[in-house]
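Asker: Following this line is protein.cif, made up of mmCIF, C-alpha atoms:
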data_query
loop_
_atom_site.label_atom_id
_atom_site.label_comp_id
_atom_site.auth_asym_id
_atom_site.auth_seq_id
_atom_site.Cartn_x
_atom_site.Cartn_y
_atom_site.Cartn_z
CA MET A 1 132.36 2.76 138.61
CA ASN A 2 131.47 5.66 140.91
CA LEU A 3 127.80 5.27 141.82
CA ALA A 4 127.27 9.01 142.23
CA THR A 5 129.02 10.30 139.11
CA GLY A 6 129.27 7.33 136.72
CA ASP A 7 133.06 7.76 136.37
CA TYR A 8 135.50 4.87 136.19
CA MET A 9 138.64 4.43 138.27
CA SER A 10 141.88 2.89 137.01
CA PRO A 11 145.53 3.21 138.12
CA ASN A 12 147.55 5.75 136.14
CA TRP A 13 150.95 4.36 137.14
CA ASP A 14 152.94 1.17 136.55
CA ILE A 15 152.73 -1.54 139.22
CA LEU A 16 155.67 -3.91 139.59
CA MET A 17 154.92 -7.58 140.25
CA HIS A 18 156.52 -7.64 143.71
CA GLN A 19 154.42 -4.61 144.68
CA TYR A 20 151.18 -6.10 143.44
CA PRO A 21 149.83 -7.55 146.75
CA ASP A 22 150.33 -4.30 148.69
CA GLU A 23 149.08 -2.15 145.82
CA LEU A 24 146.00 -4.33 145.43
CA LYS A 25 145.12 -3.85 149.10
CA ARG A 26 145.61 -0.11 148.85
CA LEU A 27 143.66 0.17 145.61
CA SER A 28 140.81 -1.86 147.07
CA LYS A 29 140.62 0.52 150.01
CA ASP A 30 140.82 3.57 147.75
CA PHE A 31 138.15 2.15 145.46
CA SER A 32 135.76 1.51 148.35
CA ARG A 33 136.10 5.16 149.33
CA TRP A 34 136.07 6.54 145.78
CA VAL A 35 133.04 4.60 144.57
CA LEU A 36 130.81 6.40 147.08
CA GLN A 37 132.21 9.90 146.55
CA GLY A 38 129.83 12.41 145.06
CA ASP A 39 130.04 15.95 143.76
CA GLY A 40 128.52 17.44 146.91
CA LEU A 41 130.43 19.23 149.65
CA THR A 42 130.90 17.50 152.99
CA ARG A 43 132.46 18.96 156.11
CA ASP A 44 134.26 17.71 159.19
CA ASP A 45 133.24 18.47 162.78
CA ASP A 46 134.93 21.90 162.57
CA GLY A 47 132.98 22.87 159.45
CA VAL A 48 136.05 22.56 157.20
CA MET A 49 135.28 21.06 153.79
CA ILE A 50 136.58 17.58 152.98
CA LEU A 51 137.87 18.12 149.45
CA HIS A 52 138.56 15.51 146.79
CA SER A 53 138.70 15.25 143.01
CA LYS A 54 134.93 14.93 142.72
CA ASN A 55 133.91 18.04 144.64
CA LEU A 56 136.73 20.57 144.27
CA ALA A 57 134.99 22.20 141.30
CA GLU A 58 131.80 22.40 143.37
CA ALA A 59 133.78 24.19 146.09
CA THR A 60 135.12 26.81 143.66
CA ASP A 61 131.61 27.27 142.29
CA GLU A 62 130.34 28.10 145.77
CA TYR A 63 133.37 30.15 146.84
CA GLU A 64 135.42 32.44 144.59
CA THR A 65 138.47 31.50 146.64
CA VAL A 66 139.14 28.30 148.58
CA LEU A 67 141.99 27.96 151.06
CA ALA A 68 143.02 24.33 150.58
CA ASN A 69 145.26 22.48 153.00
CA PHE A 70 146.99 19.55 151.30
CA TYR A 71 148.06 17.26 154.13
CA ALA A 72 149.36 13.75 154.78
CA PRO A 73 147.71 12.01 157.78
CA TRP A 74 150.99 10.34 158.83
CA CYS A 75 152.94 13.64 158.86
CA LYS A 76 153.32 15.33 162.26
CA TYR A 77 153.53 18.75 160.64
CA SER A 78 150.28 18.07 158.81
CA GLN A 79 148.66 17.08 162.07
CA ALA A 80 149.83 20.36 163.61
CA MET A 81 148.38 22.32 160.68
CA LEU A 82 144.86 20.84 160.85
CA PRO A 83 143.74 22.74 163.98
CA LEU A 84 145.23 25.98 162.62
CA VAL A 85 143.21 25.58 159.42
CA ALA A 86 140.07 24.85 161.47
CA GLU A 87 140.65 27.99 163.54
CA ALA A 88 141.31 30.03 160.39
CA HIS A 89 137.99 28.79 158.99
CA THR A 90 136.21 29.93 162.16
CA GLU A 91 137.77 33.40 162.06
CA LEU A 92 137.16 33.90 158.34
CA THR A 93 133.53 32.90 158.86
CA LYS A 94 133.23 35.50 161.64
CA LEU A 95 134.60 38.22 159.36
CA TYR A 96 132.08 37.26 156.69
CA ASP A 97 129.19 37.12 159.16
CA GLN A 98 130.12 40.62 160.38
CA GLY A 99 130.00 41.90 156.80
CA LEU A 100 133.71 42.79 156.86
CA PHE A 101 135.02 40.33 154.29
CA VAL A 102 133.99 38.13 151.39
CA LYS A 103 133.01 34.49 151.75
CA VAL A 104 136.11 32.27 151.56
CA GLY A 105 135.96 28.49 151.56
CA VAL A 106 138.36 26.41 153.65
CA GLY A 107 139.04 22.73 153.03
CA ASN A 108 141.43 19.85 153.60
CA VAL A 109 142.79 17.48 150.96
CA ASN A 110 144.22 14.12 152.09
CA VAL A 111 147.07 13.61 149.60
CA ASP A 112 147.27 9.90 150.44
CA GLU A 113 143.78 9.51 149.02
CA GLU A 114 143.90 12.17 146.31
CA ALA A 115 146.93 11.44 144.12
CA GLU A 116 145.33 13.19 141.16
CA LEU A 117 144.89 16.47 143.04
CA LYS A 118 148.36 16.13 144.51
CA ASP A 119 149.86 15.91 141.02
CA THR A 120 147.62 18.53 139.44
CA HIS A 121 148.45 21.14 142.08
CA GLU A 122 152.15 20.14 142.25
CA ILE A 123 152.20 19.21 145.92
CA THR A 124 155.67 18.00 146.92
CA SER A 125 155.75 18.63 150.67
CA TYR A 126 153.24 18.41 153.50
CA PRO A 127 151.39 20.33 154.60
CA THR A 128 150.99 22.77 151.70
CA LEU A 129 148.42 25.55 151.62
CA LYS A 130 147.06 26.72 148.28
CA MET A 131 144.61 29.41 147.21
CA VAL A 132 142.30 27.55 144.83
CA HIS A 133 139.97 29.28 142.38
CA ASP A 134 138.46 29.07 138.91
CA ASN A 135 140.58 30.25 136.00
CA ASP A 136 139.19 32.43 133.20
CA ASP A 137 138.46 29.30 131.15
CA GLY A 138 136.56 27.69 134.03
CA SER A 139 139.29 25.25 135.03
CA VAL A 140 140.29 24.92 138.68
CA VAL A 141 143.75 26.33 139.40
CA SER A 142 145.73 27.14 142.53
CA ASP A 143 148.19 29.79 143.67
CA THR A 144 150.95 29.31 146.20
CA PHE A 145 150.11 30.52 149.71
CA GLU A 146 153.00 32.89 150.41
CA GLY A 147 152.04 34.05 153.89
CA SER A 148 153.15 32.77 157.26
CA THR A 149 151.51 29.58 158.55
CA ASP A 150 152.84 29.85 162.10
CA SER A 151 149.41 30.72 163.48
CA ALA A 152 145.77 30.80 162.43
CA ALA A 153 145.81 34.59 162.82
CA GLU A 154 148.66 34.95 160.32
CA ILE A 155 146.86 32.64 157.88
CA VAL A 156 143.70 34.75 158.16
CA ALA A 157 145.65 38.00 157.74
CA HIS A 158 147.27 36.76 154.54
CA VAL A 159 143.98 35.52 153.11
CA ALA A 160 142.24 38.82 153.95
CA SER A 161 145.07 40.83 152.43
CA THR A 162 145.56 38.91 149.19
CA VAL A 163 141.93 38.04 148.43
CA GLY A 164 140.91 41.61 149.17
CA GLY A 165 143.66 42.99 146.93
CA LEU A 166 143.35 46.70 146.19
CA THR A 167 140.21 47.95 147.94
CA MET A 168 138.52 50.99 146.44
CA ILE A 169 137.22 53.26 149.20
CA ASP A 170 134.24 54.94 147.56
CA SER A 171 131.78 55.42 150.42
CA LYS A 172 131.65 56.01 154.17
CA ASP A 173 130.31 52.49 154.65
CA VAL A 174 133.23 50.90 152.77
CA ALA A 175 135.73 53.06 154.69
CA SER A 176 134.18 52.13 158.04
CA LYS A 177 134.07 48.41 157.28
CA TYR A 178 137.64 48.45 155.99
CA ALA A 179 138.82 50.09 159.21
CA LYS A 180 136.92 47.49 161.24
CA LEU A 181 138.49 44.69 159.17
CA LEU A 182 141.97 46.01 159.93
CA ALA A 183 141.05 46.34 163.62
CA SER A 184 139.81 42.74 163.66
CA ILE A 185 143.03 41.51 162.02
CA ASP A 186 145.04 43.53 164.54
CA THR A 187 143.16 41.92 167.42
CA LEU A 188 143.70 38.46 165.95
CA LEU A 189 147.43 38.99 165.49
CA GLY A 190 147.85 40.26 169.04
CA ASP A 191 151.39 41.17 170.04
CA ALA A 192 152.99 39.07 167.31
CA GLU A 193 152.42 41.56 164.52
CA SER A 194 150.15 44.39 163.42
CA PRO A 195 148.61 45.23 160.04
CA THR A 196 150.20 47.71 157.67
CA LEU A 197 147.91 49.96 155.64
CA VAL A 198 149.02 51.49 152.35
CA LEU A 199 146.47 54.08 151.23
CA GLY A 200 146.69 55.90 147.92
CA THR A 201 144.75 59.00 146.95
CA TYR A 202 144.26 60.06 143.35
CA THR A 203 142.60 62.56 141.07
CA ALA A 204 143.32 61.04 137.63
CA PRO A 205 141.65 57.72 136.69
CA SER A 206 144.90 56.44 135.18
CA GLN A 207 146.49 56.53 138.63
CA VAL A 208 144.27 53.61 139.65
CA GLN A 209 146.33 51.46 137.30
CA THR A 210 149.46 52.53 139.18
CA TYR A 211 147.91 51.53 142.48
CA THR A 212 146.63 48.24 141.05
CA ALA A 213 150.14 47.33 139.91
CA LEU A 214 151.59 48.42 143.26
CA ALA A 215 149.04 46.37 145.18
CA LYS A 216 150.31 43.17 143.55
CA LYS A 217 153.66 43.82 145.22
CA VAL A 218 152.30 45.14 148.51
CA VAL A 219 149.44 42.90 149.61
CA SER A 220 150.69 39.84 151.47
CA GLY A 221 150.92 38.70 155.06
CA SER A 222 149.42 41.53 157.09
CA ARG A 223 149.97 44.28 154.48
CA PHE A 224 146.77 45.81 153.11
CA MET A 225 146.23 48.37 150.37
CA ALA A 226 143.38 50.72 149.48
CA ALA A 227 142.82 53.71 147.21
CA THR A 228 140.34 56.56 146.98
CA TYR A 229 139.64 59.76 145.08
CA ASP A 230 137.74 61.24 148.05
CA MET A 231 140.02 63.15 150.46
CA GLN A 232 137.38 63.18 153.21
CA LEU A 233 137.10 59.39 153.07
CA ALA A 234 140.89 59.08 153.04
CA THR A 235 141.18 61.36 156.06
CA SER A 236 138.43 59.48 157.90
CA LEU A 237 140.08 56.11 157.24
CA LEU A 238 143.53 57.28 158.32
CA LYS A 239 142.14 58.80 161.51
CA GLU A 240 140.17 55.69 162.41
CA VAL A 241 143.02 53.26 161.70
CA SER A 242 145.83 55.30 163.25
CA GLY A 243 143.98 57.06 166.06
CA ASN A 244 145.69 60.29 164.96
CA LYS A 245 142.92 62.88 164.84
CA LYS A 246 145.20 65.52 163.32
CA VAL A 247 146.03 63.66 160.13
CA LYS A 248 144.55 65.12 156.95
CA ALA A 249 144.79 63.42 153.57
CA LYS A 250 145.83 65.30 150.45
CA LYS A 251 145.36 64.42 146.81
CA ASP A 252 147.81 62.26 144.88
CA MET A 253 149.62 60.92 147.94
CA VAL A 254 150.62 57.48 149.18
CA TYR A 255 150.16 57.00 152.92
CA VAL A 256 151.70 54.15 154.89
CA TYR A 257 150.47 53.43 158.42
CA THR A 258 152.16 51.13 160.91
CA LYS A 259 151.86 51.09 164.69
CA GLU A 260 155.60 51.58 165.00
CA ASN A 261 155.92 54.64 162.75
CA GLY A 262 152.43 56.09 162.58
CA VAL A 263 151.35 57.68 159.28
CA LEU A 264 154.07 58.36 156.71
CA SER A 265 153.44 59.93 153.32
CA LEU A 266 154.95 60.08 149.84
CA LYS A 267 153.92 62.26 146.93
CA LEU A 268 152.59 60.30 143.96
CA PRO A 269 154.13 61.48 140.66
CA SER A 270 151.64 63.44 138.57
CA ASN A 271 150.34 62.11 135.25
CA ASP A 272 150.22 64.75 132.52
CA ASP A 273 148.03 62.54 130.36
CA GLU A 274 144.99 63.06 132.54
#
Re-express the file's structure as structure tokens.
Answerer:
Amino acid sequence: MNLATGDYMSPNWDILMHQYPDELKRLSKDFSRWVLQGDGLTRDDDGVMILHSKNLAEATDEYETVLANFYAPWCKYSQAMLPLVAEAHTELTKLYDQGLFVKVGVGNVNVDEEAELKDTHEITSYPTLKMVHDNDDGSVVSDTFEGSTDSAAEIVAHVASTVGGLTMIDSKDVASKYAKLLASIDTLLGDAESPTLVLGTYTAPSQVQTYTALAKKVVSGSRFMAATYDMQLATSLLKEVSGNKKVKAKKDMVYVYTKENGVLSLKLPSNDDE
């Protein structure tokens, strides 16, 4: 019985007789660890959460999104991922402390010790990053991390892009912070890559639905998307991000900024219903 939670532990798989001695040793070790686990969140020396079946729900209660690294301690690729995850945690914390981004949790899951979480989240290779969050019914679910994991900067960029989703630019403060977020991501990425901004302007409320649907296809990696009904805010954001002081936003347009091509534009089809 777990002393902290009152739960009971029992194997959920068949054990063959010839495997019994080794399995008994492993189960004894797992039980010694499990019996003392509680619901609270603990962290390693880098501040990264140590996640297990008893505290994952606590983590998603504290953070709307948790970047979870499912790793195997014997795997060399897992060992290479651990410092990247720790660095990503540091950079995401900086963005939050600067008021540029929401609070995102970062944690590690040792799959050798957490078979239940491994099965629940369908982990078949190591390391595997997942975006863990509460479902509408309150259950803990996870989404596949589809960004690059080659560097901590690329991990942070993907988290910032996908968790942020479609950002509504409705004030000067939001526009300024969004520009600073993109600048911070650009600095992190260095010469490897630079952020892409897709900015939509609109006049009809129904067009927001168009941008919301488009954002699901756009945001990923270092691609960010925002929308606004205010042409002055759109112009201000484009000028600050691109450095082009001559750019002027117009209504019902889609703007795409990259360092390579500058600001490109496309007319958004009108909606006669609004």
Asker: Any chance you could resolve the PyMOL selection byres ((chain A and resi 213-224) around 6) against this file and give the residues as a PDB file with C-alpha atoms, in the frame of the given file?
Answerer:
ATOM      1  CA  GLY A 147     152.040  34.050 153.890  1.00  0.00           C
ATOM      2  CA  ALA A 157     145.650  38.000 157.740  1.00  0.00           C
ATOM      3  CA  HIS A 158     147.270  36.760 154.540  1.00  0.00           C
ATOM      4  CA  SER A 161     145.070  40.830 152.430  1.00  0.00           C
ATOM      5  CA  THR A 162     145.560  38.910 149.190  1.00  0.00           C
ATOM      6  CA  LEU A 166     143.350  46.700 146.190  1.00  0.00           C
ATOM      7  CA  PRO A 195     148.610  45.230 160.040  1.00  0.00           C
ATOM      8  CA  THR A 196     150.200  47.710 157.670  1.00  0.00           C
ATOM      9  CA  LEU A 197     147.910  49.960 155.640  1.00  0.00           C
ATOM     10  CA  THR A 210     149.460  52.530 139.180  1.00  0.00           C
ATOM     11  CA  TYR A 211     147.910  51.530 142.480  1.00  0.00           C
ATOM     12  CA  THR A 212     146.630  48.240 141.050  1.00  0.00           C
ATOM     13  CA  MET A 225     146.230  48.370 150.370  1.00  0.00           C
TER      14      MET A 225
END
Asker: Suppose a student applies the PyMOL selection byres ((chain A and resi 251-254) around 7) to this structure; what residues should they get, written as a ChimeraX atom specification?
Answerer: /A:198-203,231,249-250,255-256,265-268
Asker: Spell out the residues picked by the PyMOL selection byres ((chain A and resi 102-105) around 10) here, as a ChimeraX atom specification.
Answerer: /A:48-49,59-60,62-68,89,92-97,99-101,106-107,131-132,159-160,163-164
Asker: Using only C-alpha atoms, which of the listed residues (A:Thr144, A:Ser125, A:Asn108, A:Ser151) sits closest to Gly190 (chain A)?
Answerer: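 Looking at the shortest contact to Gly190 (chain A), the residue is A:Ser151.
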Asker: So, counting all atoms listed in the file, which residue among A:Ala57, A:Ile185, A:Ala234, A:Ala179 is closest to Ala88 (chain A)?
Answerer: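 Counting all atoms listed in the file, the residue closest to Ala88 (chain A) is A:Ile185.
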Asker: Tell me which of A:Glu113, A:Gln98, A:Cys75, A:Ala192 sits closest to Ile50 (chain A), counting only C-alpha atoms.
Answerer: A:Glu113
Asker: Just to confirm, what's the straight-line distance from CA of Ser53 (chain A) to CA of Ser148 (chain A) in Å (one decimal)?
Answerer: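 If I compute the distance from CA of Ser53 (chain A) to CA of Ser148 (chain A), I get 26.8 Å.
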Asker: CA of Glu87 (chain A) and CA of Lys180 (chain A), how far apart in Å?
Answerer: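 Answer for the CA of Lys180 (chain A) to CA of Glu87 (chain A) separation: 20.0 Å.
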Asker: Which of these, A:Asn244, A:Thr167, A:Asn110, A:Ser236, has the shortest distance to Gly262 (chain A) once you count only C-alpha atoms?
Answerer: A:Asn244
Asker: Which distance in Å separates CA of Ala152 (chain A) and CA of Ala80 (chain A), to one decimal?
Answerer: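 Separating CA of Ala152 (chain A) from CA of Ala80 (chain A) is a distance of 11.3 Å.
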Asker: Name all residues at most 6 Å from Met168 (chain A) (count all atoms listed in the file; drop same-chain ones fewer than 5 positions away) and give them as a VMD selection string.
Answerer: chain A and resid 226 to 228
Asker: Between A:Pro205, A:Ala86, A:Ala153, A:Asp230, single out the one closest to Glu193 (chain A), counting all atoms listed in the file.
Answerer: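 Looking only at the distances to Glu193 (chain A), the closest residue turns out to be A:Ala153.
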Asker: So that I can see what lies close to Ser171 (chain A), please list as a list in words the residues with an atom at most 10 Å from it, counting all atoms listed in the file and leaving out residues fewer than 2 positions away in the same chain.
Answerer: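 The residues that qualify are Met168, Ile169, Asp173, Val174, Ala175, Ser176, Thr228, Asp230, Gln232 and Leu233 of chain A.
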